[in-house]
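Note: the block below is data.csv and it holds CSV, C-alpha atoms and all ligand atoms.
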```csv
chain,number,residue,atom,x,y,z
O,13,MET,CA,111.4,107.3,-6.5
O,14,VAL,CA,114.8,105.6,-6.3
O,15,THR,CA,117.3,107.9,-4.6
O,16,SER,CA,120.5,107.9,-2.6
O,17,GLY,CA,122.3,111.2,-2.3
O,18,LYS,CA,125.7,109.6,-3.1
O,19,GLY,CA,126.6,108.7,-6.6
O,20,GLY,CA,127.3,105.3,-8.0
O,21,VAL,CA,125.6,103.3,-5.3
O,22,GLY,CA,123.2,101.4,-7.6
O,23,LYS,CA,120.2,103.6,-8.2
O,24,THR,CA,119.9,103.0,-11.9
O,25,THR,CA,120.7,99.3,-11.6
O,26,SER,CA,118.0,99.0,-8.9
O,27,THR,CA,115.4,101.1,-11.0
O,28,ALA,CA,115.8,98.7,-13.9
O,29,ALA,CA,115.8,95.5,-11.8
O,30,LEU,CA,112.8,96.5,-9.6
O,31,GLY,CA,110.9,97.8,-12.6
O,32,ALA,CA,111.5,94.6,-14.5
O,33,ALA,CA,110.5,92.4,-11.5
O,34,LEU,CA,107.3,94.4,-10.9
O,35,ALA,CA,106.4,94.4,-14.6
O,36,ARG,CA,106.9,90.6,-14.7
O,37,THR,CA,103.9,90.3,-12.4
O,38,GLY,CA,101.7,91.7,-15.1
O,39,GLN,CA,101.5,95.2,-13.6
O,40,THR,CA,102.3,98.2,-15.8
O,41,VAL,CA,105.5,100.0,-15.0
O,42,VAL,CA,107.2,103.0,-16.4
O,43,ALA,CA,110.7,104.0,-15.4
O,44,ILE,CA,111.6,107.7,-15.8
O,45,ASP,CA,115.3,108.7,-16.1
O,46,PHE,CA,115.8,112.0,-14.3
O,47,ASP,CA,119.5,112.0,-14.8
O,48,MET,CA,119.7,114.6,-17.6
O,49,GLY,CA,122.9,114.8,-19.5
O,50,LEU,CA,124.1,111.3,-18.4
O,51,ARG,CA,121.3,109.1,-19.7
O,52,ASN,CA,122.1,105.8,-18.2
O,53,LEU,CA,118.9,104.0,-17.6
O,54,ASP,CA,118.3,103.4,-21.3
O,55,LEU,CA,121.7,101.6,-21.5
O,56,VAL,CA,121.0,99.4,-18.5
O,57,MET,CA,117.6,98.6,-20.0
O,58,GLY,CA,119.1,97.9,-23.4
O,59,ALA,CA,117.1,100.5,-25.1
O,60,GLU,CA,119.7,103.2,-26.0
O,61,ARG,CA,119.4,102.6,-29.8
O,62,ARG,CA,115.6,103.1,-29.6
O,63,VAL,CA,115.6,106.5,-28.1
O,64,VAL,CA,114.1,109.0,-30.4
O,65,TYR,CA,112.4,111.6,-28.1
O,66,ASP,CA,113.0,112.2,-24.5
O,67,PHE,CA,111.7,113.7,-21.2
O,68,VAL,CA,112.7,117.2,-22.2
O,69,ASP,CA,110.9,116.9,-25.6
O,70,VAL,CA,107.7,116.0,-23.8
O,71,ILE,CA,108.0,118.9,-21.3
O,72,GLN,CA,108.7,121.4,-24.1
O,73,GLY,CA,105.9,120.0,-26.2
O,74,THR,CA,108.1,118.9,-29.2
O,75,ALA,CA,106.9,115.3,-28.7
O,76,LYS,CA,103.9,113.6,-27.1
O,77,LEU,CA,104.2,111.2,-24.3
O,78,PRO,CA,103.0,108.1,-26.1
O,79,GLN,CA,105.5,108.5,-28.9
O,80,THR,CA,108.3,109.1,-26.4
O,81,LEU,CA,107.8,106.1,-24.2
O,82,ILE,CA,109.8,103.0,-25.2
O,83,ARG,CA,108.2,99.6,-24.6
O,84,ASP,CA,110.6,96.9,-23.5
O,85,LYS,CA,111.2,94.1,-26.0
O,86,ARG,CA,111.2,91.4,-23.4
O,87,ILE,CA,108.5,92.5,-20.9
O,88,GLU,CA,105.5,94.1,-22.6
O,89,THR,CA,104.2,95.9,-19.5
O,90,LEU,CA,107.6,97.6,-18.9
O,91,PHE,CA,108.3,101.1,-20.4
O,92,LEU,CA,111.0,103.7,-20.3
O,93,LEU,CA,110.8,107.5,-20.5
O,94,PRO,CA,114.4,108.4,-21.4
O,95,ALA,CA,116.4,111.4,-20.2
O,96,SER,CA,117.9,113.9,-22.6
O,97,GLN,CA,121.5,113.4,-23.4
O,98,THR,CA,122.1,116.9,-24.6
O,99,ARG,CA,120.1,119.0,-22.1
O,100,ASP,CA,120.7,119.4,-18.4
O,101,LYS,CA,118.4,119.4,-15.4
O,102,ASP,CA,117.5,123.0,-16.0
O,103,ALA,CA,115.5,122.0,-19.0
O,104,LEU,CA,113.1,120.3,-16.6
O,105,THR,CA,110.5,122.7,-15.2
O,106,GLU,CA,108.5,122.2,-12.0
O,107,ASP,CA,105.2,122.4,-13.9
O,108,GLY,CA,106.4,120.2,-16.8
O,109,VAL,CA,107.6,117.5,-14.4
O,110,ALA,CA,104.3,117.6,-12.4
O,111,ARG,CA,102.2,117.3,-15.6
O,112,VAL,CA,104.2,114.4,-17.0
O,113,VAL,CA,104.2,112.5,-13.7
O,114,GLU,CA,100.5,113.0,-13.2
O,115,GLU,CA,99.7,111.8,-16.7
O,116,LEU,CA,101.9,108.7,-16.2
O,117,ARG,CA,100.4,108.1,-12.8
O,118,SER,CA,96.9,107.9,-14.3
O,119,LYS,CA,98.1,105.3,-16.9
O,120,PHE,CA,100.5,103.0,-15.0
O,121,ASP,CA,100.5,100.9,-11.9
O,122,TRP,CA,104.0,102.0,-11.1
O,123,VAL,CA,105.9,105.1,-12.0
O,124,ILE,CA,109.6,104.7,-10.9
O,125,CYS,CA,111.8,107.8,-10.9
O,126,ASP,CA,115.5,107.2,-11.2
O,127,SER,CA,117.1,110.1,-9.4
O,128,PRO,CA,120.4,111.7,-10.3
O,129,ALA,CA,123.0,111.8,-7.5
O,130,GLY,CA,123.3,114.7,-5.1
O,131,ILE,CA,120.9,116.6,-3.1
O,132,GLU,CA,120.3,119.5,-5.4
O,133,ARG,CA,117.6,120.4,-8.0
O,134,GLY,CA,117.8,117.3,-10.1
O,135,ALA,CA,117.2,115.1,-7.0
O,136,THR,CA,114.5,117.3,-5.5
O,137,LEU,CA,112.6,117.4,-8.8
O,138,ALA,CA,112.7,113.6,-9.0
O,139,MET,CA,111.4,113.2,-5.4
O,140,ARG,CA,108.7,115.9,-5.5
O,141,HIS,CA,105.7,113.7,-6.5
O,142,ALA,CA,106.8,110.5,-4.8
O,143,ASP,CA,104.5,108.5,-2.6
O,144,ALA,CA,107.3,106.1,-1.7
O,145,ALA,CA,111.1,106.2,-1.8
O,146,VAL,CA,113.6,103.5,-2.2
O,147,VAL,CA,116.8,104.8,-0.5
O,148,VAL,CA,119.7,102.9,-2.1
O,149,THR,CA,122.6,102.7,0.3
O,150,ASN,CA,126.0,100.9,0.3
O,151,PRO,CA,127.3,99.7,3.7
O,152,GLU,CA,129.9,102.5,4.1
O,153,VAL,CA,129.9,105.7,6.1
O,154,SER,CA,129.9,108.1,3.2
O,155,SER,CA,126.9,106.5,1.6
O,156,VAL,CA,124.9,106.2,4.9
O,157,ARG,CA,125.6,109.9,5.6
O,158,ASP,CA,124.2,111.0,2.2
O,159,SER,CA,121.2,108.7,2.6
O,160,ASP,CA,120.5,110.4,5.9
O,161,ARG,CA,120.5,113.8,4.2
O,162,ILE,CA,118.1,112.5,1.5
O,163,ILE,CA,115.8,111.1,4.2
O,164,ASP,CA,115.6,114.6,5.7
O,165,LEU,CA,114.9,116.1,2.2
O,166,LEU,CA,112.1,113.5,1.7
O,167,ASN,CA,110.6,114.7,4.9
O,168,ALA,CA,110.7,118.3,3.7
O,169,GLU,CA,110.7,118.7,-0.1
O,170,THR,CA,108.0,116.2,-1.2
O,171,GLU,CA,104.4,117.2,-2.0
O,172,ILE,CA,103.2,114.6,0.5
O,173,ALA,CA,105.4,116.0,3.3
O,174,LYS,CA,104.1,119.5,2.5
O,175,LYS,CA,100.6,118.2,3.1
O,176,GLY,CA,101.8,117.1,6.5
O,177,GLU,CA,101.9,113.4,5.6
O,178,ARG,CA,104.9,111.1,5.4
O,179,VAL,CA,106.6,109.6,2.3
O,180,GLU,CA,106.9,105.8,2.7
O,181,LYS,CA,110.6,105.0,2.9
O,182,HIS,CA,112.4,101.8,2.2
O,183,LEU,CA,116.1,101.0,2.6
O,184,LEU,CA,117.7,99.0,-0.2
O,185,LEU,CA,121.2,97.9,0.9
O,186,THR,CA,123.2,97.3,-2.2
O,187,ARG,CA,126.7,96.0,-3.1
O,188,TYR,CA,126.7,94.0,0.1
O,189,ASP,CA,129.8,91.8,0.1
O,190,ALA,CA,129.5,89.0,2.7
O,191,ALA,CA,133.2,88.2,2.7
O,192,ARG,CA,134.2,91.8,3.3
O,193,ALA,CA,131.5,92.2,6.0
O,194,ALA,CA,132.9,89.1,7.7
O,195,ARG,CA,136.4,90.7,7.7
O,196,GLY,CA,134.9,93.8,9.2
O,197,GLU,CA,135.8,96.0,6.2
O,198,MET,CA,132.2,97.4,5.8
O,199,LEU,CA,129.6,98.6,8.1
O,200,ALA,CA,127.4,95.8,9.5
O,201,ILE,CA,123.8,95.6,8.3
O,202,GLU,CA,122.6,96.3,11.8
O,203,ASP,CA,124.7,99.5,11.9
O,204,VAL,CA,123.2,100.8,8.7
O,205,LEU,CA,119.7,100.0,9.9
O,206,GLU,CA,120.3,101.7,13.2
O,207,LEU,CA,121.8,104.8,11.6
O,208,LEU,CA,119.0,105.3,9.1
O,209,SER,CA,116.1,103.7,11.0
O,210,ILE,CA,113.9,103.1,8.0
O,211,PRO,CA,112.5,99.6,7.1
O,212,LEU,CA,114.7,97.3,5.1
O,213,LEU,CA,113.4,96.4,1.6
O,214,GLY,CA,116.3,94.1,0.7
O,215,ILE,CA,120.0,93.3,0.7
O,216,ILE,CA,121.5,93.1,-2.8
O,217,PRO,CA,124.8,91.3,-3.0
O,218,GLU,CA,127.9,92.6,-4.8
O,219,SER,CA,128.0,90.8,-8.1
O,220,GLU,CA,130.0,90.9,-11.3
O,221,GLU,CA,126.8,90.1,-13.0
O,222,VAL,CA,125.6,93.7,-12.7
O,223,LEU,CA,128.4,95.1,-14.9
O,224,ARG,CA,128.1,92.2,-17.4
O,225,ALA,CA,124.3,92.6,-17.7
O,226,SER,CA,124.5,96.4,-18.0
O,227,ASN,CA,127.1,96.1,-20.8
O,228,LEU,CA,124.7,93.8,-22.7
O,229,GLY,CA,121.6,95.8,-21.7
O,230,SER,CA,120.1,92.6,-20.3
O,231,LEU,CA,117.8,92.8,-17.3
O,232,ILE,CA,119.4,91.0,-14.4
O,233,THR,CA,116.2,89.5,-13.1
O,234,LEU,CA,115.5,87.9,-16.5
O,235,SER,CA,119.0,86.8,-17.7
O,236,LYS,CA,120.0,84.9,-14.5
O,237,PRO,CA,116.7,84.5,-12.6
O,238,TRP,CA,118.1,82.0,-10.1
O,239,SER,CA,121.2,83.9,-9.1
O,240,ALA,CA,121.3,85.4,-5.6
O,241,LEU,CA,121.4,88.8,-7.2
O,242,ALA,CA,118.2,88.4,-9.3
O,243,ARG,CA,116.4,86.7,-6.4
O,244,ALA,CA,117.3,89.6,-4.0
O,245,TYR,CA,115.7,92.1,-6.5
O,246,VAL,CA,112.6,90.0,-7.1
O,247,ASP,CA,112.1,89.6,-3.3
O,248,ALA,CA,112.6,93.4,-2.8
O,249,ALA,CA,110.0,94.1,-5.5
O,250,ARG,CA,107.5,91.7,-3.8
O,251,ARG,CA,108.1,93.5,-0.5
O,252,LEU,CA,107.4,96.8,-2.3
O,253,ARG,CA,104.1,95.4,-3.4
O,254,GLY,CA,103.3,94.7,0.3
O,255,GLU,CA,104.1,91.0,0.4
O,256,ALA,CA,105.8,89.5,3.5
O,257,VAL,CA,108.9,87.9,2.2
O,258,GLU,CA,111.6,86.5,4.5
O,259,MET,CA,114.8,88.5,4.3
O,260,THR,CA,117.8,86.6,2.9
O,261,ILE,CA,121.2,87.8,4.0
O,262,PRO,CA,123.7,87.1,1.2
O,263,SER,CA,126.0,84.4,2.4
O,264,ASP,CA,129.7,84.1,2.2
O,265,LYS,CA,130.1,80.9,0.1
O,266,LYS,CA,133.8,81.6,-0.5
O,267,GLY,CA,134.4,82.3,3.2
O,268,LEU,CA,136.5,79.3,4.0
O,269,PHE,CA,138.4,79.6,0.8
O,270,ASN,CA,139.1,83.3,1.6
O,271,LYS,CA,140.2,82.4,5.1
O,272,LEU,CA,142.7,79.9,3.7
O,273,LEU,CA,143.9,82.2,1.0
O,274,GLY,CA,143.1,85.6,2.5
O,275,ARG,CA,146.6,86.2,3.8
O,276,ARG,CA,148.2,85.5,0.5
O,277,GLY,CA,145.5,87.4,-1.3
O,278,SER,CA,146.0,90.6,0.7
O,279,GLN,CA,149.8,90.2,0.5
O,280,GLN,CA,149.5,90.1,-3.3
O,281,GLN,CA,147.3,93.1,-3.2
O,282,ARG,CA,149.9,95.0,-1.1
O,283,ILE,CA,152.6,94.0,-3.6
O,284,LYS,CA,150.5,95.3,-6.4
O,285,THR,CA,149.7,98.7,-4.9
O,286,GLY,CA,153.2,99.0,-3.5
O,287,ASN,CA,154.6,98.5,-7.0
O,288,THR,CA,152.3,101.0,-8.5
O,289,GLU,CA,153.2,103.6,-5.8
O,290,ALA,CA,156.9,102.9,-6.1
O,291,SER,CA,156.8,103.4,-9.9
O,292,ALA,CA,154.8,106.6,-9.5
O,293,LYS,CA,157.6,107.8,-7.2
O,294,HIS,CA,160.3,106.7,-9.6
O,295,LEU,CA,162.0,104.6,-6.9
O,296,ALA,CA,164.7,102.2,-7.9
O,297,ASP,CA,167.1,99.6,-6.4
O,298,ASP,CA,167.6,99.9,-2.7
O,299,THR,CA,165.1,102.7,-2.1
O,300,ARG,CA,162.5,100.7,-4.0
O,301,ARG,CA,163.2,97.5,-2.0
O,302,THR,CA,163.0,99.4,1.4
O,303,PHE,CA,159.8,101.0,0.3
O,304,MET,CA,158.3,97.7,-0.8
O,305,LEU,CA,159.3,96.0,2.5
O,306,ASP,CA,157.7,98.8,4.4
O,307,ARG,CA,154.6,98.4,2.4
O,308,LEU,CA,154.4,94.7,2.9
O,309,SER,CA,154.8,94.9,6.6
O,310,GLY,CA,152.2,97.6,7.0
O,311,GLN,CA,148.6,97.9,6.1
O,312,THR,CA,147.5,99.5,2.8
O,313,ALA,CA,145.8,102.9,3.1
O,314,ALA,CA,142.6,101.3,2.0
O,315,GLU,CA,142.7,98.8,4.7
O,316,LEU,CA,143.4,101.4,7.3
O,317,GLY,CA,140.6,103.6,6.0
O,318,LEU,CA,138.1,100.8,6.1
O,319,ASN,CA,139.1,99.7,9.6
O,320,SER,CA,138.9,103.2,10.9
O,321,GLN,CA,135.3,103.5,9.6
O,322,GLN,CA,134.3,100.6,11.7
O,323,GLN,CA,136.1,102.0,14.7
O,324,LYS,CA,134.4,105.3,14.3
O,325,MET,CA,131.0,103.6,14.2
O,326,LYS,CA,131.8,101.7,17.4
O,327,ASP,CA,132.9,104.8,19.2
O,328,CYS,CA,129.8,106.8,18.1
O,329,ASN,CA,127.6,103.9,19.2
O,330,ALA,CA,129.2,103.8,22.5
O,331,LYS,CA,128.8,107.6,23.0
O,332,ALA,CA,125.1,107.4,22.0
O,333,GLY,CA,124.7,104.6,24.5
O,334,GLU,CA,126.3,106.6,27.3
O,335,LEU,CA,124.0,109.5,26.5
O,336,LYS,CA,121.0,107.1,26.5
O,337,LEU,CA,119.8,108.4,23.2
O,338,THR,CA,117.0,106.7,21.2
O,339,GLY,CA,114.9,107.1,18.1
O,340,ASP,CA,115.4,110.3,16.0
O,341,ALA,CA,117.7,111.9,18.6
O,342,ARG,CA,120.0,108.8,18.3
O,343,ARG,CA,119.9,109.0,14.5
O,344,ALA,CA,120.8,112.7,14.5
O,345,PHE,CA,123.5,112.1,17.0
O,346,LEU,CA,125.1,109.2,15.1
O,347,SER,CA,124.9,111.0,11.9
O,348,SER,CA,126.8,114.1,13.2
O,349,CYS,CA,129.2,112.0,15.2
O,350,LEU,CA,130.2,110.1,12.0
O,351,LYS,CA,130.5,113.4,10.1
O,352,ALA,CA,133.0,114.7,12.7
O,353,THR,CA,136.6,114.1,11.9
O,401,LIG,N1,125.1,94.8,-6.8
O,401,LIG,C1,126.2,95.3,-7.5
O,401,LIG,N2,127.3,94.6,-7.6
O,401,LIG,C2,128.4,95.0,-8.3
O,401,LIG,N3,128.4,96.2,-9.0
O,401,LIG,C3,127.3,97.0,-8.9
O,401,LIG,C4,126.1,96.6,-8.1
O,401,LIG,N4,125.2,97.6,-8.3
O,401,LIG,C5,125.7,98.5,-9.0
O,401,LIG,N5,127.0,98.2,-9.4
O,401,LIG,C6,127.9,98.9,-10.3
O,401,LIG,O1,128.1,100.2,-9.7
O,401,LIG,C7,128.2,101.2,-10.7
O,401,LIG,C8,127.1,102.3,-10.4
O,401,LIG,O2,125.8,101.7,-10.5
O,401,LIG,P1,124.6,102.6,-10.9
O,401,LIG,O3,124.8,103.3,-12.2
O,401,LIG,O4,123.4,101.7,-10.9
O,401,LIG,O5,124.6,103.6,-9.7
O,401,LIG,P2,123.8,105.0,-9.6
O,401,LIG,O6,123.6,105.2,-8.2
O,401,LIG,O7,122.7,105.0,-10.5
O,401,LIG,O8,124.9,106.0,-10.1
O,401,LIG,P3,124.7,107.6,-10.4
O,401,LIG,O9,124.7,108.3,-9.1
O,401,LIG,O10,125.9,107.9,-11.2
O,401,LIG,O11,123.5,107.7,-11.2
O,401,LIG,C9,128.0,100.5,-12.0
O,401,LIG,O12,129.2,100.3,-12.6
O,401,LIG,C10,127.3,99.2,-11.6
O,401,LIG,O13,127.6,98.2,-12.6
O,402,MG,MG,122.2,106.5,-12.0
```

Just dump the structure as structure tokens.
Amino acid sequence: MVTSGKGGVGKTTSTAALGAALARTGQTVVAIDFDMGLRNLDLVMGAERRVVYDFVDVIQGTAKLPQTLIRDKRIETLFLLPASQTRDKDALTEDGVARVVEELRSKFDWVICDSPAGIERGATLAMRHADAAVVVTNPEVSSVRDSDRIIDLLNAETEIAKKGERVEKHLLLTRYDAARAARGEMLAIEDVLELLSIPLLGIIPESEEVLRASNLGSLITLSKPWSALARAYVDAARRLRGEAVEMTIPSDKKGLFNKLLGRRGSQQQRIKTGNTEASAKHLADDTRRTFMLDRLSGQTAAELGLNSQQQKMKDCNAKAGELKLTGDARRAFLSSCLKAT
């Protein structure tokens, strides 16, 4: 399963990209969209016009599985089981999900479940039958915190965990922005790894290509196979298959350029947000000018917020060090320390 807790971190994007990369090796792959009511995976996979029946139809017996599965037009071993757009997660029954997943498991090499956001029923239904979980996380405190909660759920709510075994867990760090990392505006990779303490599957760079591809329904590993983005997903898929592939940390090619222009860039940003705020407050003339000058000499709220995240991480790390905590105890401590305001 592909999961995260927090919404909008890149689960659906990753399901499609990993699914396509695995299917390209000739193995058979089916991606299941568990996000009832939102139905996003079909768009990202470019199949939205071909949806006739969906997951709920199969569970309720109004359609059979073979007629519901959509075969990808580009990769013949890639399939999609779409979510219902009109029904919500309550239309999925425990038994129905179990039956469909078992049937698919017997027919495909990979069954990838794209989880909805949150830690409630939709997410637990999607994780129930998982052998392995890809925990999609962005390098920021709120995302790491939610991933931590999902890891606890994976250890409690899955069939495997109930048998006393462990679900295999992999961390997929997405939307990693090397330039922002260098400026200290995001959690460092080491911090995320330490907080979650599960093995790293890959680091996916922040890229405009994701939005472009999803608007066109083109698969990112196919449309620009040599881009850092596509390569990062292909490598992650190879690691998922058990191959040892060297980890690439997305580099900051624009680093120097940003250093030279960074000052001006952030000033421009301040002017822009200052202007928006001033207009919202209906400020004019002198009051507006004073307000704008204040804004330009100070930091924006966003900058302050991001810096305080890093500061918090540093403080919590220092405290954990003082207490000489390691392993699970350290993870639990860091997680509650970050939660505290
Ligand atoms: N590597 C990336 N670089 C830039 N944008 C990205 C990247 N990955 C995802 N996005 C963008 O982030 C948004 C959310 O992505 P996506 O739908 O895959 O997340 P999700 O976790 O499935 O969300 P939800 O919780 O709503 O299901 C989309 O607009 C997508 O284009
Ligand atoms: Mg999604």

How close does chain O get to ligand MG 402 (chain O)? List, as JSON lines, each residue of chain O within 8 Å, its nearest atom pair and the distance in Å to one decimal, counting only C-alpha atoms and all ligand atoms.
```
{"residue": "O:Gly19", "atom": "CA", "partner": "O:MG402", "partner_atom": "MG", "distance": 7.3}
{"residue": "O:Gly20", "atom": "CA", "partner": "O:MG402", "partner_atom": "MG", "distance": 6.6}
{"residue": "O:Gly22", "atom": "CA", "partner": "O:MG402", "partner_atom": "MG", "distance": 6.8}
{"residue": "O:Lys23", "atom": "CA", "partner": "O:MG402", "partner_atom": "MG", "distance": 5.2}
{"residue": "O:Thr24", "atom": "CA", "partner": "O:MG402", "partner_atom": "MG", "distance": 4.2}
{"residue": "O:Thr25", "atom": "CA", "partner": "O:MG402", "partner_atom": "MG", "distance": 7.4}
{"residue": "O:Asp47", "atom": "CA", "partner": "O:MG402", "partner_atom": "MG", "distance": 6.7}
{"residue": "O:Asn52", "atom": "CA", "partner": "O:MG402", "partner_atom": "MG", "distance": 6.2}
{"residue": "O:Leu53", "atom": "CA", "partner": "O:MG402", "partner_atom": "MG", "distance": 7.0}
{"residue": "O:Asp126", "atom": "CA", "partner": "O:MG402", "partner_atom": "MG", "distance": 6.8}
{"residue": "O:Ser127", "atom": "CA", "partner": "O:MG402", "partner_atom": "MG", "distance": 6.8}
{"residue": "O:Pro128", "atom": "CA", "partner": "O:MG402", "partner_atom": "MG", "distance": 5.8}
{"residue": "O:Ala129", "atom": "CA", "partner": "O:MG402", "partner_atom": "MG", "distance": 7.0}
```

Inset, instruction - Can you tell me which residues come within 9 Å of ligand LIG 401 (chain O) when counting all atoms listed in the file, ideally as JSON, numbers by chain? - result: {"O": [14, 15, 16, 17, 18, 19, 20, 21, 22, 23, 24, 25, 26, 27, 28, 47, 50, 51, 52, 53, 56, 126, 127, 128, 129, 130, 148, 149, 186, 187, 188, 189, 216, 217, 218, 219, 220, 221, 222, 223, 224, 225, 226, 227, 241]}

Could you turn the residues from that selection into a file that holds C-alpha atoms, as a JSON list (two decimals), keeping the file's coordinate frame?
```json
[["chain", "number", "residue", "atom", "x", "y", "z"],
["O", 14, "VAL", "CA", 114.80, 105.60, -6.30],
["O", 15, "THR", "CA", 117.30, 107.90, -4.60],
["O", 16, "SER", "CA", 120.50, 107.90, -2.60],
["O", 17, "GLY", "CA", 122.30, 111.20, -2.30],
["O", 18, "LYS", "CA", 125.70, 109.60, -3.10],
["O", 19, "GLY", "CA", 126.60, 108.70, -6.60],
["O", 20, "GLY", "CA", 127.30, 105.30, -8.00],
["O", 21, "VAL", "CA", 125.60, 103.30, -5.30],
["O", 22, "GLY", "CA", 123.20, 101.40, -7.60],
["O", 23, "LYS", "CA", 120.20, 103.60, -8.20],
["O", 24, "THR", "CA", 119.90, 103.00, -11.90],
["O", 25, "THR", "CA", 120.70, 99.30, -11.60],
["O", 26, "SER", "CA", 118.00, 99.00, -8.90],
["O", 27, "THR", "CA", 115.40, 101.10, -11.00],
["O", 28, "ALA", "CA", 115.80, 98.70, -13.90],
["O", 47, "ASP", "CA", 119.50, 112.00, -14.80],
["O", 50, "LEU", "CA", 124.10, 111.30, -18.40],
["O", 51, "ARG", "CA", 121.30, 109.10, -19.70],
["O", 52, "ASN", "CA", 122.10, 105.80, -18.20],
["O", 53, "LEU", "CA", 118.90, 104.00, -17.60],
["O", 56, "VAL", "CA", 121.00, 99.40, -18.50],
["O", 126, "ASP", "CA", 115.50, 107.20, -11.20],
["O", 127, "SER", "CA", 117.10, 110.10, -9.40],
["O", 128, "PRO", "CA", 120.40, 111.70, -10.30],
["O", 129, "ALA", "CA", 123.00, 111.80, -7.50],
["O", 130, "GLY", "CA", 123.30, 114.70, -5.10],
["O", 148, "VAL", "CA", 119.70, 102.90, -2.10],
["O", 149, "THR", "CA", 122.60, 102.70, 0.30],
["O", 186, "THR", "CA", 123.20, 97.30, -2.20],
["O", 187, "ARG", "CA", 126.70, 96.00, -3.10],
["O", 188, "TYR", "CA", 126.70, 94.00, 0.10],
["O", 189, "ASP", "CA", 129.80, 91.80, 0.10],
["O", 216, "ILE", "CA", 121.50, 93.10, -2.80],
["O", 217, "PRO", "CA", 124.80, 91.30, -3.00],
["O", 218, "GLU", "CA", 127.90, 92.60, -4.80],
["O", 219, "SER", "CA", 128.00, 90.80, -8.10],
["O", 220, "GLU", "CA", 130.00, 90.90, -11.30],
["O", 221, "GLU", "CA", 126.80, 90.10, -13.00],
["O", 222, "VAL", "CA", 125.60, 93.70, -12.70],
["O", 223, "LEU", "CA", 128.40, 95.10, -14.90],
["O", 224, "ARG", "CA", 128.10, 92.20, -17.40],
["O", 225, "ALA", "CA", 124.30, 92.60, -17.70],
["O", 226, "SER", "CA", 124.50, 96.40, -18.00],
["O", 227, "ASN", "CA", 127.10, 96.10, -20.80],
["O", 241, "LEU", "CA", 121.40, 88.80, -7.20]]
```

Quote the spacing between atom CA of O:Ser155 and atom CA of O:Leu55 in Å to one decimal place.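 According to the coordinates, atom CA of O:Ser155 and atom CA of O:Leu55 are separated by 24.2 Å.
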
Would you kindly return, as a PyMOL selection string, each protein, DNA or RNA residue with an atom no farther than 9 Å from any atom of stretch 335-352 of chain O, considering all atoms listed in the file and excluding same-chain residues fewer than 2 positions away?
chain O and resi 153-154+156-157+160+206-209+321+324-325+328-333

**Request:** Provide the atom CA of O:Val113 to atom CA of O:Lys174 distance in Å, to one decimal place.
**Result:**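 Computing the Euclidean distance for atom CA of O:Val113 and atom CA of O:Lys174 yields 17.6 Å.
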
Query - Neighbour list for O:Ala75 as a PyMOL selection string, cut-off 12 Å, all atoms listed in the file, skip fewer than 4 positions in-chain - result: chain O and resi 64-71+79-81+93

Q) Could you work out how far atom CA of O:Gly229 lies from atom CA of O:Arg61, giving the answer in Å with one decimal? A)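 One can read the atom CA of O:Arg61 to atom CA of O:Gly229 distance as 10.8 Å.
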
Would you mind listing, for every residue of stretch 14-97 of chain O within 8 Å of stretch 230-236 of chain O, the two atoms forming the shortest contact and the distance between them in Å to one decimal, using only C-alpha atoms, sorted by chain and ascending residue number, as CSV?
```
residue,atom,partner,partner_atom,distance
O:Ala28,CA,O:Leu231,CA,7.1
O:Ala29,CA,O:Thr233,CA,6.2
O:Ala32,CA,O:Thr233,CA,7.1
O:Ala33,CA,O:Thr233,CA,6.6
O:Val56,CA,O:Ser230,CA,7.1
O:Met57,CA,O:Leu231,CA,6.4
O:Gly58,CA,O:Ser230,CA,6.2
```

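Protein, DNA and RNA residues at most 8 Å from (119.0, 99.0, -0.8), with all atoms listed in the file, are these: Val146, Val147, Val148, Thr149, Asn150, His182, Leu183, Leu184, Leu185, Thr186, Leu212, Leu213, Gly214, Ile215 and Ile216 of chain O.
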
Write a file of the just-selected residues containing C-alpha atoms, as a tab-separated table (two decimals), in the frame of the given file.
```
chain	number	residue	atom	x	y	z
O	146	VAL	CA	113.60	103.50	-2.20
O	147	VAL	CA	116.80	104.80	-0.50
O	148	VAL	CA	119.70	102.90	-2.10
O	149	THR	CA	122.60	102.70	0.30
O	150	ASN	CA	126.00	100.90	0.30
O	182	HIS	CA	112.40	101.80	2.20
O	183	LEU	CA	116.10	101.00	2.60
O	184	LEU	CA	117.70	99.00	-0.20
O	185	LEU	CA	121.20	97.90	0.90
O	186	THR	CA	123.20	97.30	-2.20
O	212	LEU	CA	114.70	97.30	5.10
O	213	LEU	CA	113.40	96.40	1.60
O	214	GLY	CA	116.30	94.10	0.70
O	215	ILE	CA	120.00	93.30	0.70
O	216	ILE	CA	121.50	93.10	-2.80
```

The residue from O:Met13, O:Leu34, O:Ala244, O:Ala59 with the smallest atom-to-atom distance to O:Thr170, counting all atoms listed in the file, is O:Met13
